[in-house]
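Coordinates from input.json are shown below (JSON, C-alpha atoms and all ligand atoms).
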```json
[["chain", "number", "residue", "atom", "x", "y", "z"],
["A", 23, "MET", "CA", 137.06, 33.12, 133.47],
["A", 24, "ALA", "CA", 135.19, 29.99, 132.32],
["A", 25, "ALA", "CA", 134.62, 29.67, 128.57],
["A", 26, "ALA", "CA", 131.04, 30.17, 127.34],
["A", 27, "PRO", "CA", 129.16, 26.91, 126.64],
["A", 28, "LEU", "CA", 129.45, 25.76, 123.05],
["A", 29, "GLN", "CA", 126.69, 26.72, 120.63],
["A", 30, "LEU", "CA", 126.03, 23.59, 118.59],
["A", 31, "ASN", "CA", 123.53, 22.65, 115.90],
["A", 32, "ALA", "CA", 120.69, 20.59, 117.35],
["A", 33, "LEU", "CA", 121.07, 16.99, 116.19],
["A", 34, "GLN", "CA", 118.69, 14.10, 116.67],
["A", 35, "GLY", "CA", 119.05, 10.36, 117.38],
["A", 36, "VAL", "CA", 122.03, 8.57, 115.98],
["A", 37, "GLU", "CA", 123.53, 11.69, 114.45],
["A", 38, "ALA", "CA", 123.67, 13.28, 117.91],
["A", 39, "ALA", "CA", 125.24, 10.09, 119.26],
["A", 40, "LYS", "CA", 127.85, 10.04, 116.50],
["A", 41, "ARG", "CA", 128.84, 13.56, 117.46],
["A", 42, "ALA", "CA", 129.08, 12.53, 121.12],
["A", 43, "ALA", "CA", 131.20, 9.49, 120.19],
["A", 44, "ALA", "CA", 133.54, 11.62, 118.09],
["A", 45, "TYR", "CA", 133.87, 14.24, 120.84],
["A", 46, "ALA", "CA", 134.64, 11.57, 123.46],
["A", 47, "ALA", "CA", 137.28, 10.02, 121.18],
["A", 48, "VAL", "CA", 138.97, 13.38, 120.65],
["A", 49, "ASP", "CA", 138.86, 14.31, 124.34],
["A", 50, "ASN", "CA", 140.41, 10.96, 125.32],
["A", 51, "HIS", "CA", 143.02, 10.60, 122.58],
["A", 52, "VAL", "CA", 143.93, 13.95, 120.99],
["A", 53, "LYS", "CA", 146.04, 15.65, 123.62],
["A", 54, "PRO", "CA", 147.80, 19.04, 123.46],
["A", 55, "GLU", "CA", 151.19, 17.34, 123.02],
["A", 56, "HIS", "CA", 149.96, 15.56, 119.86],
["A", 57, "GLN", "CA", 151.18, 17.53, 116.88],
["A", 58, "ILE", "CA", 150.61, 15.21, 113.91],
["A", 59, "ILE", "CA", 147.01, 14.04, 113.58],
["A", 60, "GLY", "CA", 145.58, 11.66, 110.96],
["A", 61, "ILE", "CA", 142.05, 12.51, 109.85],
["A", 62, "GLY", "CA", 140.01, 9.63, 108.44],
["A", 63, "SER", "CA", 136.92, 9.33, 106.28],
["A", 64, "GLY", "CA", 133.23, 8.74, 106.81],
["A", 65, "SER", "CA", 130.17, 10.34, 108.27],
["A", 66, "THR", "CA", 131.39, 10.54, 111.89],
["A", 67, "VAL", "CA", 134.73, 12.17, 111.07],
["A", 68, "PRO", "CA", 133.38, 15.73, 110.54],
["A", 69, "TYR", "CA", 132.50, 15.73, 114.25],
["A", 70, "VAL", "CA", 136.08, 14.70, 115.06],
["A", 71, "VAL", "CA", 137.36, 17.75, 113.22],
["A", 72, "GLU", "CA", 134.68, 19.92, 114.88],
["A", 73, "ARG", "CA", 135.93, 18.88, 118.32],
["A", 74, "ILE", "CA", 139.58, 19.36, 117.39],
["A", 75, "VAL", "CA", 138.77, 22.90, 116.23],
["A", 76, "GLN", "CA", 137.06, 23.50, 119.59],
["A", 77, "GLN", "CA", 140.37, 22.72, 121.29],
["A", 78, "GLY", "CA", 141.34, 26.18, 120.09],
["A", 79, "PRO", "CA", 143.97, 27.96, 118.01],
["A", 80, "LYS", "CA", 146.61, 27.75, 120.75],
["A", 81, "VAL", "CA", 147.03, 23.97, 120.35],
["A", 82, "ASN", "CA", 146.06, 23.76, 116.70],
["A", 83, "THR", "CA", 148.53, 26.35, 115.38],
["A", 84, "ASN", "CA", 151.44, 23.97, 115.91],
["A", 85, "ARG", "CA", 149.65, 20.88, 114.58],
["A", 86, "TRP", "CA", 149.71, 19.24, 111.17],
["A", 87, "PHE", "CA", 146.74, 17.23, 109.89],
["A", 88, "VAL", "CA", 147.16, 14.36, 107.43],
["A", 89, "PRO", "CA", 144.06, 13.32, 105.40],
["A", 90, "THR", "CA", 142.99, 9.86, 104.18],
["A", 91, "GLY", "CA", 141.32, 11.20, 101.06],
["A", 92, "PHE", "CA", 139.41, 13.99, 99.39],
["A", 93, "GLN", "CA", 136.74, 14.29, 102.09],
["A", 94, "SER", "CA", 139.17, 14.68, 104.97],
["A", 95, "LYS", "CA", 141.42, 16.98, 102.97],
["A", 96, "GLU", "CA", 138.46, 19.31, 102.45],
["A", 97, "LEU", "CA", 137.58, 19.13, 106.14],
["A", 98, "ILE", "CA", 141.12, 20.09, 107.12],
["A", 99, "VAL", "CA", 141.36, 22.97, 104.65],
["A", 100, "LYS", "CA", 137.86, 24.36, 105.28],
["A", 101, "ASN", "CA", 138.48, 24.41, 109.02],
["A", 102, "GLY", "CA", 141.68, 26.39, 108.60],
["A", 103, "LEU", "CA", 143.91, 23.57, 109.87],
["A", 104, "LYS", "CA", 147.37, 22.91, 108.47],
["A", 105, "LEU", "CA", 147.40, 20.23, 105.76],
["A", 106, "GLY", "CA", 150.26, 17.73, 105.86],
["A", 107, "ASP", "CA", 151.07, 14.49, 104.07],
["A", 108, "VAL", "CA", 152.67, 11.16, 104.89],
["A", 109, "ASP", "CA", 155.85, 12.10, 102.99],
["A", 110, "SER", "CA", 156.50, 14.81, 105.54],
["A", 111, "PHE", "CA", 154.98, 12.98, 108.51],
["A", 112, "PRO", "CA", 155.57, 9.21, 108.25],
["A", 113, "GLU", "CA", 154.93, 8.97, 112.00],
["A", 114, "ILE", "CA", 151.57, 10.20, 113.23],
["A", 115, "ASP", "CA", 150.64, 10.73, 116.88],
["A", 116, "VAL", "CA", 147.01, 9.69, 116.55],
["A", 117, "THR", "CA", 144.68, 8.83, 113.67],
["A", 118, "ILE", "CA", 140.90, 8.86, 114.13],
["A", 119, "ASP", "CA", 138.81, 7.24, 111.41],
["A", 120, "GLY", "CA", 135.37, 5.78, 110.67],
["A", 121, "ALA", "CA", 134.57, 2.14, 109.88],
["A", 122, "ASP", "CA", 132.00, -0.01, 108.12],
["A", 123, "ASP", "CA", 132.09, -2.87, 110.62],
["A", 124, "VAL", "CA", 134.05, -3.62, 113.81],
["A", 125, "ASP", "CA", 134.34, -6.99, 115.54],
["A", 126, "SER", "CA", 134.79, -7.82, 119.21],
["A", 127, "ASN", "CA", 138.59, -7.75, 118.83],
["A", 128, "LEU", "CA", 138.47, -4.31, 117.17],
["A", 129, "ASN", "CA", 139.29, -5.66, 113.74],
["A", 130, "ALA", "CA", 137.45, -3.62, 111.13],
["A", 131, "ILE", "CA", 136.13, -3.58, 107.58],
["A", 132, "LYS", "CA", 136.84, -0.25, 105.93],
["A", 133, "GLY", "CA", 136.59, 1.12, 102.42],
["A", 134, "GLY", "CA", 132.86, 1.64, 101.95],
["A", 135, "GLY", "CA", 133.93, 5.04, 100.60],
["A", 136, "ALA", "CA", 136.88, 3.51, 98.69],
["A", 137, "CYS", "CA", 139.48, 5.17, 100.95],
["A", 138, "GLN", "CA", 141.02, 2.03, 102.46],
["A", 139, "LEU", "CA", 144.53, 2.35, 101.00],
["A", 140, "ARG", "CA", 145.27, 5.79, 102.42],
["A", 141, "GLU", "CA", 143.32, 4.96, 105.56],
["A", 142, "LYS", "CA", 145.50, 1.95, 106.25],
["A", 143, "VAL", "CA", 148.69, 3.89, 105.62],
["A", 144, "LEU", "CA", 147.59, 6.47, 108.18],
["A", 145, "ALA", "CA", 146.44, 3.81, 110.64],
["A", 146, "GLU", "CA", 149.77, 2.00, 110.36],
["A", 147, "ALA", "CA", 151.76, 5.24, 110.63],
["A", 148, "ALA", "CA", 149.92, 6.19, 113.82],
["A", 149, "LYS", "CA", 151.07, 5.47, 117.35],
["A", 150, "THR", "CA", 147.38, 5.33, 118.26],
["A", 151, "PHE", "CA", 144.55, 4.39, 115.88],
["A", 152, "ILE", "CA", 140.98, 5.09, 117.03],
["A", 153, "ILE", "CA", 137.66, 4.30, 115.34],
["A", 154, "VAL", "CA", 134.48, 6.38, 115.63],
["A", 155, "ALA", "CA", 131.19, 5.14, 114.20],
["A", 156, "ASP", "CA", 127.52, 4.53, 114.92],
["A", 157, "PHE", "CA", 125.99, 1.48, 116.61],
["A", 158, "ARG", "CA", 125.33, -0.29, 113.29],
["A", 159, "LYS", "CA", 129.09, -0.86, 112.97],
["A", 160, "ASN", "CA", 129.46, -2.41, 116.43],
["A", 161, "GLY", "CA", 129.47, -6.18, 115.92],
["A", 162, "GLU", "CA", 130.96, -9.47, 117.07],
["A", 163, "ILE", "CA", 132.11, -11.01, 113.78],
["A", 164, "LEU", "CA", 132.94, -8.97, 110.68],
["A", 165, "GLY", "CA", 130.32, -9.18, 107.94],
["A", 166, "GLN", "CA", 127.34, -9.74, 110.24],
["A", 167, "GLY", "CA", 126.33, -6.09, 109.97],
["A", 168, "TRP", "CA", 128.13, -5.04, 106.79],
["A", 169, "LYS", "CA", 126.82, -7.11, 103.89],
["A", 170, "GLN", "CA", 128.59, -5.41, 101.00],
["A", 171, "GLY", "CA", 131.75, -7.46, 101.35],
["A", 172, "VAL", "CA", 135.40, -6.64, 101.89],
["A", 173, "PRO", "CA", 136.49, -3.64, 99.77],
["A", 174, "ILE", "CA", 139.66, -4.50, 97.86],
["A", 175, "GLU", "CA", 141.58, -1.83, 95.92],
["A", 176, "VAL", "CA", 143.07, -3.32, 92.74],
["A", 177, "ALA", "CA", 145.17, -2.13, 89.84],
["A", 178, "GLU", "CA", 142.74, -1.21, 87.07],
["A", 179, "PHE", "CA", 144.18, -3.63, 84.47],
["A", 180, "ALA", "CA", 144.17, -6.58, 86.90],
["A", 181, "TRP", "CA", 140.62, -6.45, 88.29],
["A", 182, "SER", "CA", 139.16, -9.29, 86.25],
["A", 183, "LYS", "CA", 141.97, -11.70, 87.17],
["A", 184, "VAL", "CA", 141.74, -10.75, 90.86],
["A", 185, "GLN", "CA", 137.95, -11.12, 90.83],
["A", 186, "ARG", "CA", 138.25, -14.70, 89.50],
["A", 187, "GLN", "CA", 140.84, -15.51, 92.15],
["A", 188, "LEU", "CA", 138.62, -14.13, 94.91],
["A", 189, "VAL", "CA", 135.78, -16.37, 93.77],
["A", 190, "LYS", "CA", 138.15, -19.35, 93.74],
["A", 191, "LEU", "CA", 139.26, -18.45, 97.27],
["A", 192, "GLY", "CA", 135.64, -18.70, 98.39],
["A", 193, "SER", "CA", 134.09, -15.27, 97.92],
["A", 194, "THR", "CA", 130.38, -15.68, 97.43],
["A", 195, "ASN", "CA", 129.96, -12.56, 95.35],
["A", 196, "ALA", "CA", 133.06, -10.63, 94.30],
["A", 197, "ALA", "CA", 132.04, -7.72, 92.09],
["A", 198, "LEU", "CA", 133.64, -4.62, 90.64],
["A", 199, "ARG", "CA", 132.22, -1.56, 92.39],
["A", 200, "MET", "CA", 130.33, 0.57, 89.90],
["A", 201, "GLY", "CA", 129.96, 4.34, 90.09],
["A", 202, "LYS", "CA", 126.68, 6.06, 90.89],
["A", 203, "ALA", "CA", 125.86, 8.97, 88.57],
["A", 204, "LYS", "CA", 128.88, 7.83, 86.54],
["A", 205, "ALA", "CA", 129.09, 5.25, 83.79],
["A", 206, "GLY", "CA", 131.70, 2.66, 84.67],
["A", 207, "PRO", "CA", 133.53, 1.64, 87.82],
["A", 208, "VAL", "CA", 134.42, 3.66, 90.89],
["A", 209, "VAL", "CA", 137.96, 5.03, 90.60],
["A", 210, "THR", "CA", 139.73, 5.61, 93.91],
["A", 211, "ASP", "CA", 141.69, 8.73, 94.90],
["A", 212, "ASN", "CA", 144.73, 6.72, 93.77],
["A", 213, "GLY", "CA", 143.37, 5.91, 90.31],
["A", 214, "ASN", "CA", 142.53, 2.26, 91.03],
["A", 215, "PHE", "CA", 139.37, 0.10, 90.98],
["A", 216, "VAL", "CA", 137.57, -1.53, 93.92],
["A", 217, "ILE", "CA", 136.22, -5.07, 94.15],
["A", 218, "ASP", "CA", 133.73, -5.81, 96.94],
["A", 219, "ALA", "CA", 134.10, -9.45, 97.94],
["A", 220, "GLN", "CA", 131.77, -11.19, 100.35],
["A", 221, "PHE", "CA", 133.09, -14.08, 102.41],
["A", 222, "ASP", "CA", 131.13, -16.25, 104.80],
["A", 223, "GLU", "CA", 131.58, -16.39, 108.56],
["A", 224, "LYS", "CA", 134.23, -19.13, 108.43],
["A", 225, "PHE", "CA", 136.58, -16.60, 106.75],
["A", 226, "MET", "CA", 135.45, -13.55, 108.66],
["A", 227, "LYS", "CA", 136.15, -15.19, 112.01],
["A", 228, "GLN", "CA", 139.84, -15.10, 111.04],
["A", 229, "PRO", "CA", 140.18, -11.75, 109.30],
["A", 230, "ASP", "CA", 143.96, -11.67, 109.64],
["A", 231, "GLU", "CA", 144.31, -14.92, 107.67],
["A", 232, "LEU", "CA", 141.91, -13.70, 105.01],
["A", 233, "LEU", "CA", 143.76, -10.39, 104.76],
["A", 234, "LYS", "CA", 147.11, -12.11, 104.20],
["A", 235, "THR", "CA", 145.67, -14.45, 101.58],
["A", 236, "ILE", "CA", 144.02, -11.67, 99.57],
["A", 237, "LYS", "CA", 146.99, -9.34, 99.88],
["A", 238, "LEU", "CA", 149.19, -11.91, 98.12],
["A", 239, "LEU", "CA", 147.09, -11.87, 94.94],
["A", 240, "THR", "CA", 149.07, -9.90, 92.39],
["A", 241, "GLY", "CA", 147.17, -6.78, 91.37],
["A", 242, "VAL", "CA", 145.73, -6.25, 94.85],
["A", 243, "ILE", "CA", 146.87, -2.92, 96.23],
["A", 244, "GLU", "CA", 145.13, -2.91, 99.61],
["A", 245, "VAL", "CA", 142.47, -4.85, 101.43],
["A", 246, "GLY", "CA", 139.84, -3.16, 103.58],
["A", 247, "LEU", "CA", 140.47, -5.50, 106.51],
["A", 248, "PHE", "CA", 142.15, -3.61, 109.36],
["A", 249, "THR", "CA", 143.38, -6.24, 111.78],
["A", 250, "ASN", "CA", 145.26, -5.72, 115.05],
["A", 251, "MET", "CA", 145.52, -1.98, 114.47],
["A", 252, "CYS", "CA", 142.79, -0.29, 116.46],
["A", 253, "GLN", "CA", 143.31, 0.57, 120.13],
["A", 254, "ALA", "CA", 139.78, 1.80, 120.90],
["A", 255, "ALA", "CA", 136.42, 2.31, 119.20],
["A", 256, "TYR", "CA", 133.62, 4.71, 120.13],
["A", 257, "PHE", "CA", 130.10, 3.99, 118.88],
["A", 258, "GLY", "CA", 127.15, 6.40, 119.03],
["A", 259, "ASN", "CA", 123.94, 4.59, 120.01],
["A", 260, "GLU", "CA", 120.32, 5.29, 119.04],
["A", 261, "ASP", "CA", 119.48, 6.43, 122.57],
["A", 262, "GLY", "CA", 122.22, 9.09, 122.49],
["A", 263, "THR", "CA", 124.68, 7.16, 124.66],
["A", 264, "ILE", "CA", 128.13, 5.91, 123.64],
["A", 265, "THR", "CA", 129.65, 2.44, 123.76],
["A", 266, "ALA", "CA", 133.44, 2.44, 124.12],
["A", 267, "LYS", "CA", 135.51, -0.67, 123.41],
["A", 268, "GLU", "CA", 139.20, -1.00, 124.11],
["A", 269, "ILE", "CA", 141.75, -3.48, 122.88],
["A", 270, "GLY", "CA", 141.99, -6.19, 125.51],
["A", 271, "GLY", "CA", 138.23, -6.56, 125.77],
["A", 272, "LYS", "CA", 137.11, -3.74, 128.06],
["A", 273, "VAL", "CA", 133.65, -2.53, 127.02],
["A", 274, "GLN", "CA", 131.80, 0.42, 128.53],
["A", 275, "LYS", "CA", 128.15, 0.84, 127.58],
["A", 276, "GLY", "CA", 125.69, 3.64, 128.25],
["A", 277, "ILE", "CA", 128.29, 6.42, 128.49],
["A", 278, "THR", "CA", 126.69, 9.85, 128.47],
["A", 279, "PHE", "CA", 128.65, 12.80, 127.15],
["A", 280, "ASP", "CA", 127.66, 16.44, 127.36],
["A", 281, "VAL", "CA", 128.61, 17.85, 123.96],
["A", 282, "SER", "CA", 128.02, 21.44, 125.11],
["A", 283, "ARG", "CA", 130.98, 21.11, 127.47],
["A", 284, "ASN", "CA", 134.17, 22.75, 126.26],
["A", 285, "PRO", "CA", 137.14, 20.46, 125.76],
["A", 286, "ILE", "CA", 139.72, 20.64, 128.53],
["A", 287, "VAL", "CA", 143.01, 21.58, 126.92],
["A", 288, "SER", "CA", 145.80, 22.09, 129.39],
["B", 301, "LIG", "O1", 136.32, 4.35, 102.67],
["B", 301, "LIG", "C1", 135.69, 4.83, 103.59],
["B", 301, "LIG", "C2", 135.96, 4.59, 104.98],
["B", 301, "LIG", "O2", 136.53, 3.37, 105.31],
["B", 301, "LIG", "C3", 134.88, 5.04, 105.96],
["B", 301, "LIG", "O3", 135.55, 5.28, 107.16],
["B", 301, "LIG", "C4", 133.78, 4.03, 106.18],
["B", 301, "LIG", "O4", 133.21, 3.67, 104.94],
["B", 301, "LIG", "C5", 132.70, 4.52, 107.14],
["B", 301, "LIG", "O5", 131.94, 5.52, 106.56],
["B", 301, "LIG", "P1", 130.56, 6.02, 107.18],
["B", 301, "LIG", "O6", 130.88, 6.55, 108.55],
["B", 301, "LIG", "O7", 130.14, 7.11, 106.25],
["B", 301, "LIG", "O8", 129.64, 4.87, 107.21]]
```
Starting from the coordinates I provided, produce the structure as structure tokens.
Ligand SMILES: O=C[C@H](O)[C@H](O)[C@H](O)COP(=O)(O)O
Amino acid sequence: MAAAPLQLNALQGVEAAKRAAAYAAVDNHVKPEHQIIGIGSGSTVPYVVERIVQQGPKVNTNRWFVPTGFQSKELIVKNGLKLGDVDSFPEIDVTIDGADDVDSNLNAIKGGGACQLREKVLAEAAKTFIIVADFRKNGEILGQGWKQGVPIEVAEFAWSKVQRQLVKLGSTNAALRMGKAKAGPVVTDNGNFVIDAQFDEKFMKQPDELLKTIKLLTGVIEVGLFTNMCQAAYFGNEDGTITAKEIGGKVQKGITFDVSRNPIVS
């Protein structure tokens, strides 16, 4: 007997497209044989978890889900999925995560929510790393769409020294990220500070070089530049369609996806 069509909340515009992008990413990359799944951060990721839950208890009972931070941990727990960690699962089958900006080679800026350290650990631990986001993140060169700079997690006592070094390296505006509704700086899930450092296009065209240079500054814990890690990215567009980009340059635009369709899990 065919399963009843899914009953979903009505969503409009880009939010509907983000859900479609997340569902397509899960259908294409989270297969029944995948047992260890990394769950990333950001506004598209709840739809990833929603689709995984729709795959049903039969596949999900044997799976472990590893979070990139507080948000994804809550998503895993609230959806009744099994919570794991990288200690127990240093190799992950697939990690799906959001992004702040993605270039034509699928390099990404991440860390707008200060999660970049754990996110990169889970991306690196994964056999397959997939990005889901909305069309505003779909660019050619990093920094063209995302103007807040590269998020850099730093040891709390070293931030001032690192900030000066970033300016010397060529950052146009390296600043300590301050909390909102909190006096003082943002403190990450790991107890560190974040510096947001803008660099001009000359640097952003070679994100791998910039990453290596920043990473060598003592006091830097992780840089929100994710280079040569992502295999595919799914973007929800304003018109409700999806754009899918794969490593190697294949781009598919105008993909339509019926979110009321049940996932095929066999
Ligand atoms: O630290 C946060 C992460 O890198 C997020 O994946 C990123 O900021 C995207 O978040 P959003 O989808 O909410 O724009």
Next on the checklist: So that I can see what lies close to A:Gly262, please list as a list in words the residues with an atom at most 9 Å from it, counting only C-alpha atoms and leaving out residues fewer than 3 positions away in the same chain.
Outcome noted: Gln34, Gly35, Val36, Glu37, Ala38, Ala39, Lys40, Ala42, Gly258, Asn259, Gly276, Ile277, Thr278 and Phe279 of chain A
Checklist entry - Which residues form the shell of 9 Å around ligand LIG 301 (chain B) when you count only C-alpha atoms and all ligand atoms, given as a ChimeraX atom specification? => result /A:62-67,90-91,119-123,131-139,141,153-156,159,173,246
Show me, as JSON lines, the residues of stretch 90-206 of chain A having an atom within 9 Å of stretch 226-241 of chain A, each with the closest atom pair and its distance in Å, using all atoms listed in the file.
```
{"residue": "A:Asn129", "atom": "CA", "partner": "A:Pro229", "partner_atom": "CA", "distance": 7.6}
{"residue": "A:Ala130", "atom": "CA", "partner": "A:Pro229", "partner_atom": "CA", "distance": 8.8}
{"residue": "A:Ile163", "atom": "CA", "partner": "A:Lys227", "partner_atom": "CA", "distance": 6.1}
{"residue": "A:Leu164", "atom": "CA", "partner": "A:Met226", "partner_atom": "CA", "distance": 5.6}
{"residue": "A:Gly165", "atom": "CA", "partner": "A:Met226", "partner_atom": "CA", "distance": 6.8}
{"residue": "A:Ile174", "atom": "CA", "partner": "A:Ile236", "partner_atom": "CA", "distance": 8.6}
{"residue": "A:Glu175", "atom": "CA", "partner": "A:Gly241", "partner_atom": "CA", "distance": 8.7}
{"residue": "A:Val176", "atom": "CA", "partner": "A:Gly241", "partner_atom": "CA", "distance": 5.5}
{"residue": "A:Ala177", "atom": "CA", "partner": "A:Gly241", "partner_atom": "CA", "distance": 5.3}
{"residue": "A:Glu178", "atom": "CA", "partner": "A:Gly241", "partner_atom": "CA", "distance": 8.3}
{"residue": "A:Phe179", "atom": "CA", "partner": "A:Gly241", "partner_atom": "CA", "distance": 8.2}
{"residue": "A:Ala180", "atom": "CA", "partner": "A:Gly241", "partner_atom": "CA", "distance": 5.4}
{"residue": "A:Trp181", "atom": "CA", "partner": "A:Gly241", "partner_atom": "CA", "distance": 7.2}
{"residue": "A:Lys183", "atom": "CA", "partner": "A:Gly241", "partner_atom": "CA", "distance": 8.3}
{"residue": "A:Val184", "atom": "CA", "partner": "A:Gly241", "partner_atom": "CA", "distance": 6.7}
{"residue": "A:Gln187", "atom": "CA", "partner": "A:Leu239", "partner_atom": "CA", "distance": 7.8}
{"residue": "A:Leu188", "atom": "CA", "partner": "A:Ile236", "partner_atom": "CA", "distance": 7.5}
{"residue": "A:Leu191", "atom": "CA", "partner": "A:Ile236", "partner_atom": "CA", "distance": 8.6}
```
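Distance-wise, atom CA of A:Lys267 and atom CA of A:Ala148 end up 18.6 Å apart.
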Next on the checklist: Could you tell me how far atom CA of A:Lys190 sits from atom CA of A:Gly167, in Å to one decimal place?
Outcome noted: 24.1 Å
Checklist entry - In Å, how far is it from atom CA of A:Ala44 to atom CA of A:Ser288? => result 19.7 Å
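Look at A:Gln76: the protein and nucleic acid residues within 12 Å of it, using all atoms listed in the file and passing over chain neighbours fewer than 4 places away, are Ala25, Ala26, Pro27, Leu28, Gln29, Leu30, Tyr45, Val48, Asp49, Val52, Tyr69, Val70, Val71, Glu72, Lys80, Val81, Asn82, Asn101, Leu103, Val281, Ser282, Arg283, Asn284, Pro285, Ile286 and Val287 of chain A.
The list of residues with at least one atom within 12 Å of A:Gly270, based on all atoms listed in the file and without residues fewer than 2 positions apart in the same chain, reads Ser126, Asn127, Leu128, Asn250, Cys252, Gln253, Ala254, Ala255, Lys267, Glu268, Lys272 and Val273 of chain A.
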Checklist outcome for this item: Nearest to A:Phe111, restricted to only C-alpha atoms and choosing among A:Gly206, A:Gly60, A:Gly201, A:Pro79, comes out as A:Gly60
Item to check | A:Asn84 surroundings by only C-alpha atoms, 10 Å radius, close-in-sequence under 6 positions cut, as a PyMOL selection string | outcome: chain A and resi 54-58+103-104
Item to check | 7 Å contact set for stretch 217-225 of chain A, all atoms listed in the file, chain neighbours under 5 positions out, as a ChimeraX atom specification | outcome: /A:170-175,192-199,232
Just-selected residues, C-alpha atoms written as a compact mmCIF listing (two decimals), in the coordinates of the input:
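Contents of part_12.txt, as written:
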```
# COMPACT_ATOMS: atom_id res chain seq x y z
CA GLN A 170 128.59 -5.41 101.00
CA GLY A 171 131.75 -7.46 101.35
CA VAL A 172 135.40 -6.64 101.89
CA PRO A 173 136.49 -3.64 99.77
CA ILE A 174 139.66 -4.50 97.86
CA GLU A 175 141.58 -1.83 95.92
CA GLY A 192 135.64 -18.70 98.39
CA SER A 193 134.09 -15.27 97.92
CA THR A 194 130.38 -15.68 97.43
CA ASN A 195 129.96 -12.56 95.35
CA ALA A 196 133.06 -10.63 94.30
CA ALA A 197 132.04 -7.72 92.09
CA LEU A 198 133.64 -4.62 90.64
CA ARG A 199 132.22 -1.56 92.39
CA LEU A 232 141.91 -13.70 105.01
```
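With all atoms listed in the file as the atoms that count, the residue of A:Glu244, A:Ser110, A:Phe151, A:Asn214 with the shortest distance to A:Ala47 is A:Phe151.
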Item to check | Residue with smallest distance to A:Ala145 - pool A:Thr265, A:Thr249, A:Thr210, A:Asn31, counting all atoms listed in the file | outcome: A:Thr249
Some atoms are missing, so please complete stretch 205-217 of chain A with N, CA and C atoms and return it as an mmCIF file, keeping the file's coordinate frame.
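To be explicit, this is the file written out as out_16.cif:
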```cif
data_model
loop_
_atom_site.group_PDB
_atom_site.id
_atom_site.type_symbol
_atom_site.label_atom_id
_atom_site.label_comp_id
_atom_site.auth_asym_id
_atom_site.auth_seq_id
_atom_site.Cartn_x
_atom_site.Cartn_y
_atom_site.Cartn_z
ATOM 1 N N ALA A 205 129.049 6.517 84.522
ATOM 2 C CA ALA A 205 129.090 5.250 83.790
ATOM 3 C C ALA A 205 130.445 4.614 84.051
ATOM 4 N N GLY A 206 130.437 3.354 84.429
ATOM 5 C CA GLY A 206 131.700 2.660 84.670
ATOM 6 C C GLY A 206 132.024 2.535 86.142
ATOM 7 N N PRO A 207 133.187 1.952 86.434
ATOM 8 C CA PRO A 207 133.530 1.640 87.820
ATOM 9 C C PRO A 207 133.962 2.852 88.652
ATOM 10 N N VAL A 208 133.869 2.670 89.960
ATOM 11 C CA VAL A 208 134.420 3.660 90.890
ATOM 12 C C VAL A 208 135.933 3.683 90.715
ATOM 13 N N VAL A 209 136.503 4.869 90.664
ATOM 14 C CA VAL A 209 137.960 5.030 90.600
ATOM 15 C C VAL A 209 138.392 5.698 91.908
ATOM 16 N N THR A 210 139.334 5.085 92.593
ATOM 17 C CA THR A 210 139.730 5.610 93.910
ATOM 18 C C THR A 210 140.552 6.899 93.763
ATOM 19 N N ASP A 211 140.841 7.529 94.897
ATOM 20 C CA ASP A 211 141.690 8.730 94.900
ATOM 21 C C ASP A 211 143.080 8.427 94.354
ATOM 22 N N ASN A 212 143.411 7.129 94.270
ATOM 23 C CA ASN A 212 144.730 6.720 93.770
ATOM 24 C C ASN A 212 144.673 6.200 92.334
ATOM 25 N N GLY A 213 143.515 6.320 91.701
ATOM 26 C CA GLY A 213 143.370 5.910 90.310
ATOM 27 C C GLY A 213 143.161 4.422 90.097
ATOM 28 N N ASN A 214 142.740 3.708 91.137
ATOM 29 C CA ASN A 214 142.530 2.260 91.030
ATOM 30 C C ASN A 214 141.050 1.894 91.094
ATOM 31 N N PHE A 215 140.737 0.609 90.863
ATOM 32 C CA PHE A 215 139.370 0.100 90.980
ATOM 33 C C PHE A 215 139.170 -0.545 92.347
ATOM 34 N N VAL A 216 137.894 -0.841 92.661
ATOM 35 C CA VAL A 216 137.570 -1.530 93.920
ATOM 36 C C VAL A 216 136.705 -2.743 93.615
ATOM 37 N N ILE A 217 137.077 -3.880 94.181
ATOM 38 C CA ILE A 217 136.220 -5.070 94.150
ATOM 39 C C ILE A 217 135.655 -5.264 95.551
#
```
